[in-house]
$ cat upload01.tsv   # TSV, C-alpha atoms
chain	number	residue	atom	x	y	z
N	1	MET	CA	-87.14	-45.84	-88.41
N	2	SER	CA	-90.38	-44.96	-90.19
N	3	MET	CA	-91.83	-46.82	-93.15
N	4	LEU	CA	-90.99	-43.81	-95.33
N	5	GLN	CA	-87.32	-43.97	-94.34
N	6	LYS	CA	-87.18	-47.70	-95.01
N	7	HIS	CA	-88.17	-47.08	-98.60
N	8	ARG	CA	-85.92	-44.15	-99.30
N	9	ILE	CA	-83.57	-44.65	-102.25
N	10	ARG	CA	-80.04	-44.93	-100.91
N	11	VAL	CA	-77.49	-42.92	-102.91
N	12	LEU	CA	-73.69	-42.96	-102.90
N	13	ILE	CA	-71.96	-39.89	-104.36
N	14	VAL	CA	-68.48	-40.46	-105.82
N	15	ASP	CA	-66.66	-37.31	-106.97
N	16	ASP	CA	-63.18	-35.95	-106.32
N	17	SER	CA	-64.53	-32.40	-105.93
N	18	ALA	CA	-65.65	-31.59	-102.38
N	19	LEU	CA	-67.73	-28.74	-103.78
N	20	VAL	CA	-69.60	-31.00	-106.23
N	21	ARG	CA	-70.17	-33.59	-103.49
N	22	ARG	CA	-71.64	-30.95	-101.19
N	23	ILE	CA	-73.94	-29.50	-103.88
N	24	LEU	CA	-75.19	-32.94	-104.93
N	25	SER	CA	-75.63	-34.09	-101.35
N	26	ASP	CA	-77.57	-30.99	-100.30
N	27	GLY	CA	-79.84	-31.28	-103.34
N	28	ILE	CA	-80.48	-35.01	-102.92
N	29	LYS	CA	-81.22	-34.66	-99.21
N	30	ARG	CA	-83.97	-32.14	-99.96
N	31	ASP	CA	-85.98	-34.89	-101.67
N	32	PRO	CA	-87.91	-36.95	-99.08
N	33	ASP	CA	-87.67	-40.06	-101.29
N	34	LEU	CA	-83.87	-40.00	-101.37
N	35	GLU	CA	-81.14	-40.58	-98.81
N	36	VAL	CA	-77.38	-39.99	-99.13
N	37	ILE	CA	-75.65	-42.95	-97.44
N	38	GLY	CA	-72.13	-41.85	-98.26
N	39	GLU	CA	-69.77	-39.56	-100.13
N	40	ALA	CA	-66.40	-40.62	-101.53
N	41	SER	CA	-63.60	-38.65	-103.14
N	42	ASN	CA	-62.10	-41.64	-104.95
N	43	PRO	CA	-63.01	-45.20	-106.00
N	44	TYR	CA	-61.12	-46.83	-103.13
N	45	ALA	CA	-63.14	-44.96	-100.52
N	46	ALA	CA	-66.29	-45.66	-102.54
N	47	ARG	CA	-65.55	-49.39	-102.60
N	48	ASP	CA	-65.35	-49.52	-98.80
N	49	ILE	CA	-68.73	-47.79	-98.48
N	50	MET	CA	-70.30	-50.10	-101.07
N	51	VAL	CA	-69.15	-53.22	-99.23
N	52	GLU	CA	-70.29	-51.98	-95.83
N	53	ASN	CA	-73.52	-50.22	-96.81
N	54	ARG	CA	-74.65	-51.17	-100.31
N	55	PRO	CA	-76.39	-48.25	-102.09
N	56	ASP	CA	-79.37	-48.45	-104.44
N	57	VAL	CA	-77.85	-45.93	-106.88
N	58	ILE	CA	-74.37	-44.49	-107.42
N	59	THR	CA	-73.56	-41.12	-108.99
N	60	LEU	CA	-70.04	-41.48	-110.36
N	61	ASP	CA	-67.64	-38.80	-111.57
N	62	VAL	CA	-65.66	-39.70	-114.68
N	63	GLU	CA	-62.39	-37.92	-113.93
N	64	MET	CA	-60.87	-38.82	-110.56
N	65	PRO	CA	-57.37	-39.43	-109.17
N	66	LYS	CA	-55.95	-42.92	-108.58
N	67	MET	CA	-58.62	-44.56	-110.78
N	68	ASP	CA	-61.03	-42.99	-113.28
N	69	GLY	CA	-64.76	-43.56	-112.92
N	70	VAL	CA	-65.16	-45.82	-115.95
N	71	THR	CA	-62.36	-48.14	-114.85
N	72	PHE	CA	-63.97	-48.32	-111.40
N	73	LEU	CA	-67.35	-49.05	-113.01
N	74	LYS	CA	-65.85	-51.92	-115.01
N	75	HIS	CA	-64.37	-53.36	-111.81
N	76	TYR	CA	-67.50	-53.41	-109.66
N	77	MET	CA	-70.31	-54.03	-112.15
N	78	PRO	CA	-69.43	-57.72	-112.79
N	79	VAL	CA	-69.31	-58.50	-109.06
N	80	MET	CA	-71.64	-55.93	-107.46
N	81	PRO	CA	-73.99	-54.56	-110.15
N	82	ILE	CA	-75.56	-51.30	-108.93
N	83	PRO	CA	-77.48	-48.81	-111.11
N	84	THR	CA	-74.96	-46.06	-111.84
N	85	ILE	CA	-75.36	-42.54	-113.24
N	86	MET	CA	-72.19	-41.03	-114.69
N	87	ILE	CA	-71.32	-37.38	-114.16
N	88	SER	CA	-69.39	-36.24	-117.21
N	89	SER	CA	-68.56	-33.31	-119.44
N	90	LEU	CA	-70.00	-33.02	-122.94
N	91	THR	CA	-66.67	-32.31	-124.65
N	92	GLN	CA	-65.68	-34.71	-127.44
N	93	GLN	CA	-63.45	-36.58	-124.98
N	94	GLY	CA	-66.29	-36.56	-122.45
N	95	GLN	CA	-68.63	-38.08	-125.03
N	96	ARG	CA	-66.23	-40.94	-125.72
N	97	ILE	CA	-65.83	-41.65	-122.02
N	98	THR	CA	-69.58	-41.49	-121.48
N	99	LEU	CA	-70.16	-44.01	-124.28
N	100	ASP	CA	-67.55	-46.28	-122.73
N	101	ALA	CA	-69.45	-46.08	-119.44
N	102	LEU	CA	-72.83	-46.78	-121.05
N	103	GLU	CA	-71.35	-49.75	-122.91
N	104	SER	CA	-70.03	-51.03	-119.56
N	105	GLY	CA	-73.40	-50.88	-117.82
N	106	ALA	CA	-73.99	-47.30	-116.64
N	107	VAL	CA	-77.72	-46.60	-116.94
N	108	ASP	CA	-77.63	-42.82	-117.44
N	109	PHE	CA	-75.37	-39.79	-117.51
N	110	ILE	CA	-75.64	-36.20	-116.32
N	111	PRO	CA	-73.64	-33.46	-118.04
N	112	LYS	CA	-71.39	-31.62	-115.60
N	113	PRO	CA	-71.27	-27.81	-116.08
N	114	GLN	CA	-67.86	-26.78	-117.38
N	115	VAL	CA	-67.97	-23.41	-115.60
N	116	GLY	CA	-70.00	-21.92	-112.79
N	117	VAL	CA	-70.60	-25.19	-110.91
N	118	VAL	CA	-71.88	-23.34	-107.83
N	119	ASP	CA	-74.57	-21.57	-109.86
N	120	GLU	CA	-75.29	-24.12	-112.62
N	121	LEU	CA	-75.25	-27.53	-110.90
N	122	PRO	CA	-78.07	-26.69	-108.44
N	123	LYS	CA	-80.27	-25.77	-111.42
N	124	LEU	CA	-80.01	-29.41	-112.55
N	125	GLN	CA	-80.89	-30.86	-109.15
N	126	GLU	CA	-84.56	-31.57	-109.80
N	127	GLU	CA	-83.61	-33.44	-112.98
N	128	ILE	CA	-80.79	-35.24	-111.16
N	129	ASN	CA	-83.18	-36.42	-108.43
N	130	ARG	CA	-85.68	-37.59	-111.05
N	131	ARG	CA	-83.00	-39.61	-112.81
N	132	ILE	CA	-81.83	-41.16	-109.55
N	133	LYS	CA	-85.39	-42.34	-108.89
N	134	SER	CA	-85.61	-43.79	-112.40
N	135	ALA	CA	-82.23	-45.50	-112.03
N	136	ALA	CA	-83.35	-47.16	-108.80
N	137	GLN	CA	-86.06	-49.00	-110.77
N	138	ILE	CA	-83.54	-50.43	-113.26
N	139	SER	CA	-82.13	-53.96	-113.02
N	140	VAL	CA	-78.46	-54.42	-113.88
N	141	ALA	CA	-78.32	-57.99	-112.54
N	142	HIS	CA	-77.53	-59.31	-116.03
N	143	LEU	CA	-74.13	-57.63	-115.78
N	144	LYS	CA	-73.02	-59.94	-112.98
N	145	ARG	CA	-70.19	-62.12	-114.24
N	146	GLU	CA	-71.99	-65.45	-113.78
N	147	ASN	CA	-75.11	-64.12	-115.54
N	148	ARG	CA	-73.23	-62.94	-118.65
N	149	ARG	CA	-74.05	-65.04	-121.73
N	150	GLU	CA	-72.30	-65.00	-125.08
N	151	VAL	CA	-74.16	-63.63	-128.09
N	152	ARG	CA	-74.72	-66.19	-130.85
N	153	ALA	CA	-72.85	-65.20	-133.99
N	154	VAL	CA	-74.72	-65.41	-137.31
N	155	THR	CA	-73.48	-67.36	-140.35
N	156	ASN	CA	-74.82	-68.99	-143.55
N	157	LEU	CA	-76.66	-66.11	-145.18
N	158	GLY	CA	-78.62	-66.31	-148.40
N	159	SER	CA	-79.71	-63.42	-150.62
N	160	THR	CA	-80.21	-60.26	-148.55
N	161	THR	CA	-80.40	-57.49	-151.16
N	162	ASP	CA	-84.04	-56.53	-150.63
N	163	ARG	CA	-84.21	-57.37	-146.93
N	164	VAL	CA	-84.18	-54.90	-144.02
N	165	ILE	CA	-83.55	-55.34	-140.30
N	166	ALA	CA	-84.87	-52.60	-138.00
N	167	ILE	CA	-84.03	-52.17	-134.31
N	168	GLY	CA	-85.24	-49.74	-131.66
N	169	SER	CA	-83.81	-49.25	-128.17
N	170	SER	CA	-83.45	-46.77	-125.33
N	171	THR	CA	-82.23	-47.15	-121.72
N	172	GLY	CA	-79.65	-49.93	-121.69
N	173	GLY	CA	-79.54	-49.94	-125.47
N	174	VAL	CA	-75.97	-48.72	-125.85
N	175	GLU	CA	-74.70	-51.76	-123.97
N	176	ALA	CA	-77.17	-54.08	-125.74
N	177	LEU	CA	-76.28	-52.86	-129.23
N	178	THR	CA	-72.57	-53.03	-128.45
N	179	ARG	CA	-73.05	-56.69	-127.59
N	180	ILE	CA	-75.25	-57.85	-130.48
N	181	LEU	CA	-74.18	-55.87	-133.55
N	182	PRO	CA	-70.71	-57.48	-133.80
N	183	ALA	CA	-72.50	-60.85	-134.13
N	184	PHE	CA	-73.87	-59.94	-137.58
N	185	PRO	CA	-71.69	-61.08	-140.51
N	186	ALA	CA	-70.29	-58.64	-143.05
N	187	ASP	CA	-72.96	-59.55	-145.62
N	188	ALA	CA	-75.98	-59.29	-143.30
N	189	PRO	CA	-79.09	-57.44	-144.52
N	190	GLY	CA	-79.02	-53.67	-144.15
N	191	ILE	CA	-79.82	-52.61	-140.57
N	192	VAL	CA	-81.49	-49.36	-139.48
N	193	ILE	CA	-81.49	-48.37	-135.81
N	194	VAL	CA	-82.99	-45.75	-133.54
N	195	GLN	CA	-81.25	-45.58	-130.17
N	196	HIS	CA	-82.50	-42.75	-127.95
N	197	MET	CA	-79.44	-40.52	-127.47
N	198	PRO	CA	-78.73	-36.77	-127.40
N	199	GLY	CA	-77.44	-35.06	-130.50
N	200	GLY	CA	-73.70	-35.45	-130.97
N	201	PHE	CA	-73.44	-38.80	-129.23
N	202	THR	CA	-74.73	-40.87	-132.14
N	203	HIS	CA	-71.80	-39.92	-134.36
N	204	SER	CA	-69.30	-41.07	-131.71
N	205	PHE	CA	-71.35	-44.19	-131.04
N	206	ALA	CA	-71.46	-45.10	-134.74
N	207	GLU	CA	-67.68	-44.68	-134.98
N	208	ARG	CA	-67.21	-46.91	-131.94
N	209	LEU	CA	-69.50	-49.60	-133.35
N	210	ASN	CA	-67.76	-49.44	-136.71
N	211	GLU	CA	-64.53	-50.47	-134.97
N	212	LEU	CA	-66.25	-53.46	-133.36
N	213	CYS	CA	-68.49	-54.76	-136.16
N	214	ARG	CA	-67.90	-56.74	-139.32
N	215	MET	CA	-70.59	-54.64	-140.99
N	216	GLN	CA	-69.94	-50.98	-141.81
N	217	VAL	CA	-71.60	-48.69	-139.25
N	218	LYS	CA	-72.29	-45.00	-139.80
N	219	GLU	CA	-74.53	-42.25	-138.53
N	220	ALA	CA	-77.29	-42.02	-141.13
N	221	GLU	CA	-77.43	-39.12	-143.58
N	222	GLU	CA	-80.18	-38.04	-145.97
N	223	GLY	CA	-80.30	-40.38	-148.96
N	224	ASP	CA	-78.09	-43.12	-147.49
N	225	ARG	CA	-78.87	-46.48	-149.08
N	226	VAL	CA	-79.99	-49.33	-146.84
N	227	GLN	CA	-77.94	-52.19	-148.23
N	228	PRO	CA	-76.32	-55.47	-147.17
N	229	GLY	CA	-73.26	-55.01	-145.00
N	230	ARG	CA	-74.29	-51.58	-143.69
N	231	ILE	CA	-75.75	-50.43	-140.37
N	232	LEU	CA	-77.31	-46.95	-140.27
N	233	LEU	CA	-77.79	-45.30	-136.88
N	234	ALA	CA	-80.35	-42.50	-136.66
N	235	PRO	CA	-78.70	-39.19	-135.72
N	236	GLY	CA	-79.76	-37.85	-132.36
N	237	GLY	CA	-81.27	-34.40	-132.30
N	238	LEU	CA	-83.75	-32.55	-134.43
N	239	LYS	CA	-85.07	-35.00	-137.03
N	240	HIS	CA	-86.81	-38.36	-137.31
N	241	MET	CA	-85.31	-41.12	-139.47
N	242	THR	CA	-87.50	-42.94	-142.00
N	243	VAL	CA	-86.93	-45.50	-144.74
N	244	VAL	CA	-88.43	-44.94	-148.18
N	245	ARG	CA	-88.44	-47.07	-151.33
N	246	SER	CA	-86.71	-45.50	-154.32
N	247	GLY	CA	-87.06	-47.72	-157.36
N	248	GLY	CA	-85.62	-51.04	-156.30
N	249	GLN	CA	-83.70	-49.57	-153.36
N	250	TYR	CA	-84.40	-48.53	-149.80
N	251	ARG	CA	-83.03	-45.18	-148.70
N	252	VAL	CA	-82.99	-43.06	-145.56
N	253	ALA	CA	-85.01	-39.85	-145.36
N	254	LEU	CA	-84.53	-37.52	-142.39
N	255	ILE	CA	-87.71	-35.56	-141.72
N	256	ASP	CA	-88.88	-32.75	-139.47
N	257	GLY	CA	-91.57	-33.36	-136.92
N	258	ASP	CA	-92.56	-33.04	-133.29
N	259	PRO	CA	-91.25	-35.63	-130.83
N	260	VAL	CA	-93.21	-38.90	-130.84
N	261	ASN	CA	-93.44	-40.68	-127.47
N	262	TYR	CA	-91.23	-37.85	-126.15
N	263	SER	CA	-88.51	-38.91	-128.58
N	264	ARG	CA	-86.88	-37.52	-131.70
N	265	PRO	CA	-85.78	-39.59	-133.47
N	266	SER	CA	-88.60	-41.97	-132.59
N	267	VAL	CA	-88.58	-45.74	-132.97
N	268	ASP	CA	-92.26	-45.66	-133.94
N	269	VAL	CA	-91.61	-43.23	-136.80
N	270	LEU	CA	-88.81	-45.46	-138.14
N	271	LEU	CA	-90.72	-48.72	-137.83
N	272	ASN	CA	-93.92	-47.35	-139.35
N	273	SER	CA	-91.92	-46.15	-142.36
N	274	VAL	CA	-90.18	-49.52	-142.68
N	275	ALA	CA	-93.56	-51.28	-142.60
N	276	ARG	CA	-94.78	-49.09	-145.49
N	277	ALA	CA	-91.60	-49.33	-147.55
N	278	ALA	CA	-90.56	-52.97	-147.08
N	279	GLY	CA	-93.50	-54.92	-145.62
N	280	VAL	CA	-92.81	-58.65	-145.76
N	281	ASN	CA	-89.10	-58.06	-146.33
N	282	VAL	CA	-88.53	-56.80	-142.77
N	283	ALA	CA	-87.41	-58.36	-139.50
N	284	ALA	CA	-87.56	-56.01	-136.53
N	285	ALA	CA	-86.78	-56.02	-132.81
N	286	ILE	CA	-87.52	-53.79	-129.83
N	287	LEU	CA	-84.77	-53.85	-127.22
N	288	THR	CA	-84.51	-52.58	-123.66
N	289	GLY	CA	-85.89	-49.12	-122.87
N	290	MET	CA	-88.31	-47.05	-120.83
N	291	GLY	CA	-91.73	-46.11	-122.15
N	292	LYS	CA	-93.58	-47.43	-125.18
N	293	ASP	CA	-91.78	-46.03	-128.23
N	294	GLY	CA	-91.73	-48.60	-131.03
N	295	ALA	CA	-94.67	-50.75	-129.93
N	296	GLU	CA	-97.12	-49.42	-132.54
N	297	GLY	CA	-94.48	-49.43	-135.26
N	298	LEU	CA	-93.58	-53.03	-134.51
N	299	LEU	CA	-97.26	-53.95	-134.74
N	300	ALA	CA	-97.45	-52.20	-138.13
N	301	ILE	CA	-94.54	-54.33	-139.38
N	302	ARG	CA	-96.19	-57.51	-138.16
N	303	GLN	CA	-99.50	-56.54	-139.79
N	304	ALA	CA	-97.61	-55.86	-143.05
N	305	GLY	CA	-96.24	-59.40	-143.01
N	306	GLY	CA	-92.83	-58.70	-141.51
N	307	ARG	CA	-91.28	-60.70	-138.68
N	308	THR	CA	-91.03	-59.20	-135.19
N	309	LEU	CA	-89.65	-59.88	-131.73
N	310	ALA	CA	-88.79	-58.11	-128.49
N	311	GLN	CA	-86.09	-58.56	-125.88
N	312	ASP	CA	-87.18	-60.59	-122.85
N	313	GLU	CA	-87.47	-59.25	-119.31
N	314	GLU	CA	-84.56	-61.22	-117.88
N	315	THR	CA	-81.95	-59.67	-120.19
N	316	SER	CA	-83.52	-56.18	-120.46
N	317	VAL	CA	-82.16	-53.34	-118.36
N	318	VAL	CA	-85.68	-51.86	-118.54
N	319	PHE	CA	-88.54	-54.09	-119.68
N	320	GLY	CA	-90.64	-51.12	-120.76
N	321	MET	CA	-90.61	-50.80	-124.54
N	322	PRO	CA	-90.39	-54.59	-125.08
N	323	SER	CA	-93.23	-55.23	-122.62
N	324	VAL	CA	-95.58	-52.79	-124.35
N	325	ALA	CA	-94.67	-54.20	-127.77
N	326	TRP	CA	-95.49	-57.69	-126.51
N	327	SER	CA	-98.75	-56.64	-124.82
N	328	LEU	CA	-99.91	-54.75	-127.92
N	329	GLY	CA	-99.30	-57.78	-130.12
N	330	GLY	CA	-96.47	-56.22	-132.10
N	331	ALA	CA	-93.91	-58.82	-131.08
N	332	GLU	CA	-94.38	-62.42	-132.22
N	333	SER	CA	-92.07	-63.60	-129.45
N	334	LEU	CA	-89.81	-62.54	-126.59
N	335	ALA	CA	-86.15	-63.56	-126.76
N	336	PRO	CA	-82.98	-63.16	-124.68
N	337	LEU	CA	-80.57	-60.57	-126.04
N	338	GLU	CA	-77.92	-63.12	-127.00
N	339	ASN	CA	-80.29	-64.86	-129.46
N	340	ILE	CA	-81.64	-61.78	-131.21
N	341	PRO	CA	-79.11	-61.44	-134.09
N	342	ALA	CA	-79.60	-65.06	-135.20
N	343	LEU	CA	-83.38	-64.85	-134.81
N	344	LEU	CA	-83.61	-61.71	-136.96
N	345	VAL	CA	-81.52	-63.15	-139.78
N	346	ASN	CA	-83.17	-66.58	-139.58
N	347	ALA	CA	-86.62	-64.94	-139.78
N	348	LEU	CA	-85.68	-63.38	-143.12
N	349	GLN	CA	-84.22	-66.65	-144.39
N	350	ARG	CA	-87.42	-68.50	-143.48
N	351	ARG	CA	-89.31	-65.85	-145.43
N	352	ASP	CA	-87.21	-66.76	-148.48
N	353	ASN	CA	-88.08	-70.42	-148.06

$ encode --input "upload01.tsv" --output "C-alpha cells"
Amino acid sequence: MSMLQKHRIRVLIVDDSALVRRILSDGIKRDPDLEVIGEASNPYAARDIMVENRPDVITLDVEMPKMDGVTFLKHYMPVMPIPTIMISSLTQQGQRITLDALESGAVDFIPKPQVGVVDELPKLQEEINRRIKSAAQISVAHLKRENRREVRAVTNLGSTTDRVIAIGSSTGGVEALTRILPAFPADAPGIVIVQHMPGGFTHSFAERLNELCRMQVKEAEEGDRVQPGRILLAPGGLKHMTVVRSGGQYRVALIDGDPVNYSRPSVDVLLNSVARAAGVNVAAAILTGMGKDGAEGLLAIRQAGGRTLAQDEETSVVFGMPSVAWSLGGAESLAPLENIPALLVNALQRRDN
C-alpha cells in the first residue's frame, strides 16, 4: 500500500437506499484523498463494519428501517465516537431530526434532495467530499461516556439588569449550547448568541432550547429587549444581529450587510456591537467552531473593559475560533465547556464588587 493510500480518509456510508449509496460511493471514490471502506443499508450492518474496520467518517441517513439514524448515533457516539455527517431532508420534521442529531454529536449535515436524486445528488458531491475532509479533522472524543463531565449550574445572582452575556459558536456549537444554557438560572443576565446555522434552523433550535432552559429562549427579532431571564438567538440567514443601547435598555437590531468571516450572522459583528453598547457590563465567550469569527469582536470587548474567555481545546469539537481568540489576546482565559456558565456570571458579579 502506498503512502497516499495509508492517509486516505476512510468513509462508511449508511443509507437504506441502494441508489443513494451507489451515488455517494461513486462520488467519494473519485476523490483521491477519500476511500469508501463500507456501505450499509441499516444500523445493524453498519455496526458490524464499524467494529471490524473502524472508519474515520460516517455519512448517516436519518430515516432507515429497524432503527433511525439519530437513535443509532446516540448508541455509538458514547462508546465509539466517530465524526458523523447526517443526510437529512430540510422539511420541518427533517430540521427537528437534524437538530437532535447535532445535539447528540453529529458534526455536520447534508440536505438530501427530495426529488430527482439521480440528477441532484451528484451535483452536491464536491461539497459532500469537502465536508467529509473537514469532518475527518474534528475530534469527538469528548462524547465518549467516560469523558463526559457535568456542567456546573449557576446560582446566587446579584443585580443583572444592565449586564449582558454574549456567546459565539459554530461547528459543535449546537451540542455545546444545548449543554450549557440550561445551567443558567431563570434570572441570569440577558444572553445574546450567534450560532452559525442556515436560515430556518435557528427558529427550531430556539424552540428546543426554550424547552430545556430555565431562561426564556427565542429567535431574536428587531427591537427585542436584552433583559434578565431572556436568551436571544440570532436568526440564521440574511441579516447580522447587533445590540444597541436605547435609553437605559439594550435592544437587538438586525442589519443588512455582506458576510463577515464567511458568516451572516457573524459573531464578530455581534461582539463588536456589544463592546460599543455595553462595554464594562459585558461577559463574553467564544465556543467551538472552525475559522476565526468572533476573535476580533472578543478583543474589542476586552479592550472596552468587559470580561472574556474561550472554550479550551480539550472540550472543543473544533479548536479554531477559540484558538484564534486566545492567540489574538481577545480571551483572558481558556476554560472547559462545563465551567463556562459559572465563569461568565461570576465575571459580572466580580465587576459589581

$ residues_around --input "upload01.tsv" --residues "range 339-351 of chain N" --least-positions-apart "3" --cutoff "9 Å" --atoms "all atoms listed in the file" --output "PyMOL selection string"
chain N and resi 151-155+157-160+163-165+180-181+183-184+188-189+280-285+306-311+335-336

$ closest_residue --input "upload01.tsv" --among "N:Gly248, N:Pro259, N:Gly289, N:Gly329" --to "Arg302 in chain N" --atoms "all atoms listed in the file"
N:Gly329

$ atom_distance --input "upload01.tsv" --atom1 "CA of Ile87 in chain N" --atom2 "CA of Ser104 in chain N"
14.7 Å

$ closest_atom_pairs --input "upload01.tsv" --of "range 52-98 of chain N" --to "range 132-139 of chain N" --cutoff "8 Å" --atoms "only C-alpha atoms" --output "Markdown table"
| residue | atom | partner | partner_atom | distance |
| --- | --- | --- | --- | --- |
| N:Asp56 | CA | N:Ala136 | CA | 6.0 |
| N:Val57 | CA | N:Ala136 | CA | 6.0 |
| N:Pro83 | CA | N:Ala135 | CA | 5.9 |
| N:Thr84 | CA | N:Ala135 | CA | 7.3 |
| N:Ile85 | CA | N:Ile132 | CA | 7.6 |

$ residues_near_point --input "upload01.tsv" --point "(-93.1, -45.0, -149.9)" --cutoff "7 Å" --atoms "all atoms listed in the file" --output "ChimeraX atom specification"
/N:244-245,276-277

$ closest_residue --input "upload01.tsv" --among "N:Ala220, N:Ala253, N:Val118, N:Met77" --to "Ala101 in chain N" --atoms "all atoms listed in the file"
N:Met77

$ atom_distance --input "upload01.tsv" --atom1 "CA of Ile37 in chain N" --atom2 "CA of Leu60 in chain N"
14.2 Å

$ residues_near_point --input "upload01.tsv" --point "(-79.7, -32.7, -106.2)" --cutoff "9 Å" --atoms "all atoms listed in the file" --output "ChimeraX atom specification"
/N:23-31,121-129

$ closest_residue --input "upload01.tsv" --among "N:Val318, N:Ala300, N:Leu232, N:Val267" --to "Gly279 in chain N" --atoms "all atoms listed in the file"
N:Ala300

$ atom_distance --input "upload01.tsv" --atom1 "CA of Ser204 in chain N" --atom2 "CA of Thr242 in chain N"
21.0 Å

$ closest_residue --input "upload01.tsv" --among "N:Asp15, N:Glu207, N:Glu63, N:Glu103" --to "Ala45 in chain N" --atoms "only C-alpha atoms"
N:Asp15

$ residues_around --input "upload01.tsv" --residues "Lys239 in chain N" --least-positions-apart "5" --cutoff "10 Å" --atoms "all atoms listed in the file" --output "list in words"
Ala234, Ala253, Leu254, Ile255, Asp256, Gly257, Asp258, Pro259, Ser263, Arg264, Pro265 and Ser266 of chain N

$ residues_around --input "upload01.tsv" --residues "Arg230 in chain N" --least-positions-apart "4" --cutoff "6 Å" --atoms "all atoms listed in the file" --output "list in words"
Gly190, Met215, Gln216 and Val217 of chain N

$ closest_residue --input "upload01.tsv" --among "N:Arg214, N:His240, N:Arg225, N:Arg149" --to "Asp268 in chain N" --atoms "all atoms listed in the file"
N:His240

$ closest_residue --input "upload01.tsv" --among "N:Thr59, N:Gln303, N:Gln227, N:Thr71" --to "Asn272 in chain N" --atoms "all atoms listed in the file"
N:Gln303

$ residues_around --input "upload01.tsv" --residues "range 47-50 of chain N" --least-positions-apart "4" --cutoff "12 Å" --atoms "only C-alpha atoms" --output "PyMOL selection string"
chain N and resi 10-14+36-43+54-58+60+67+69+72-73+75-77+79-82
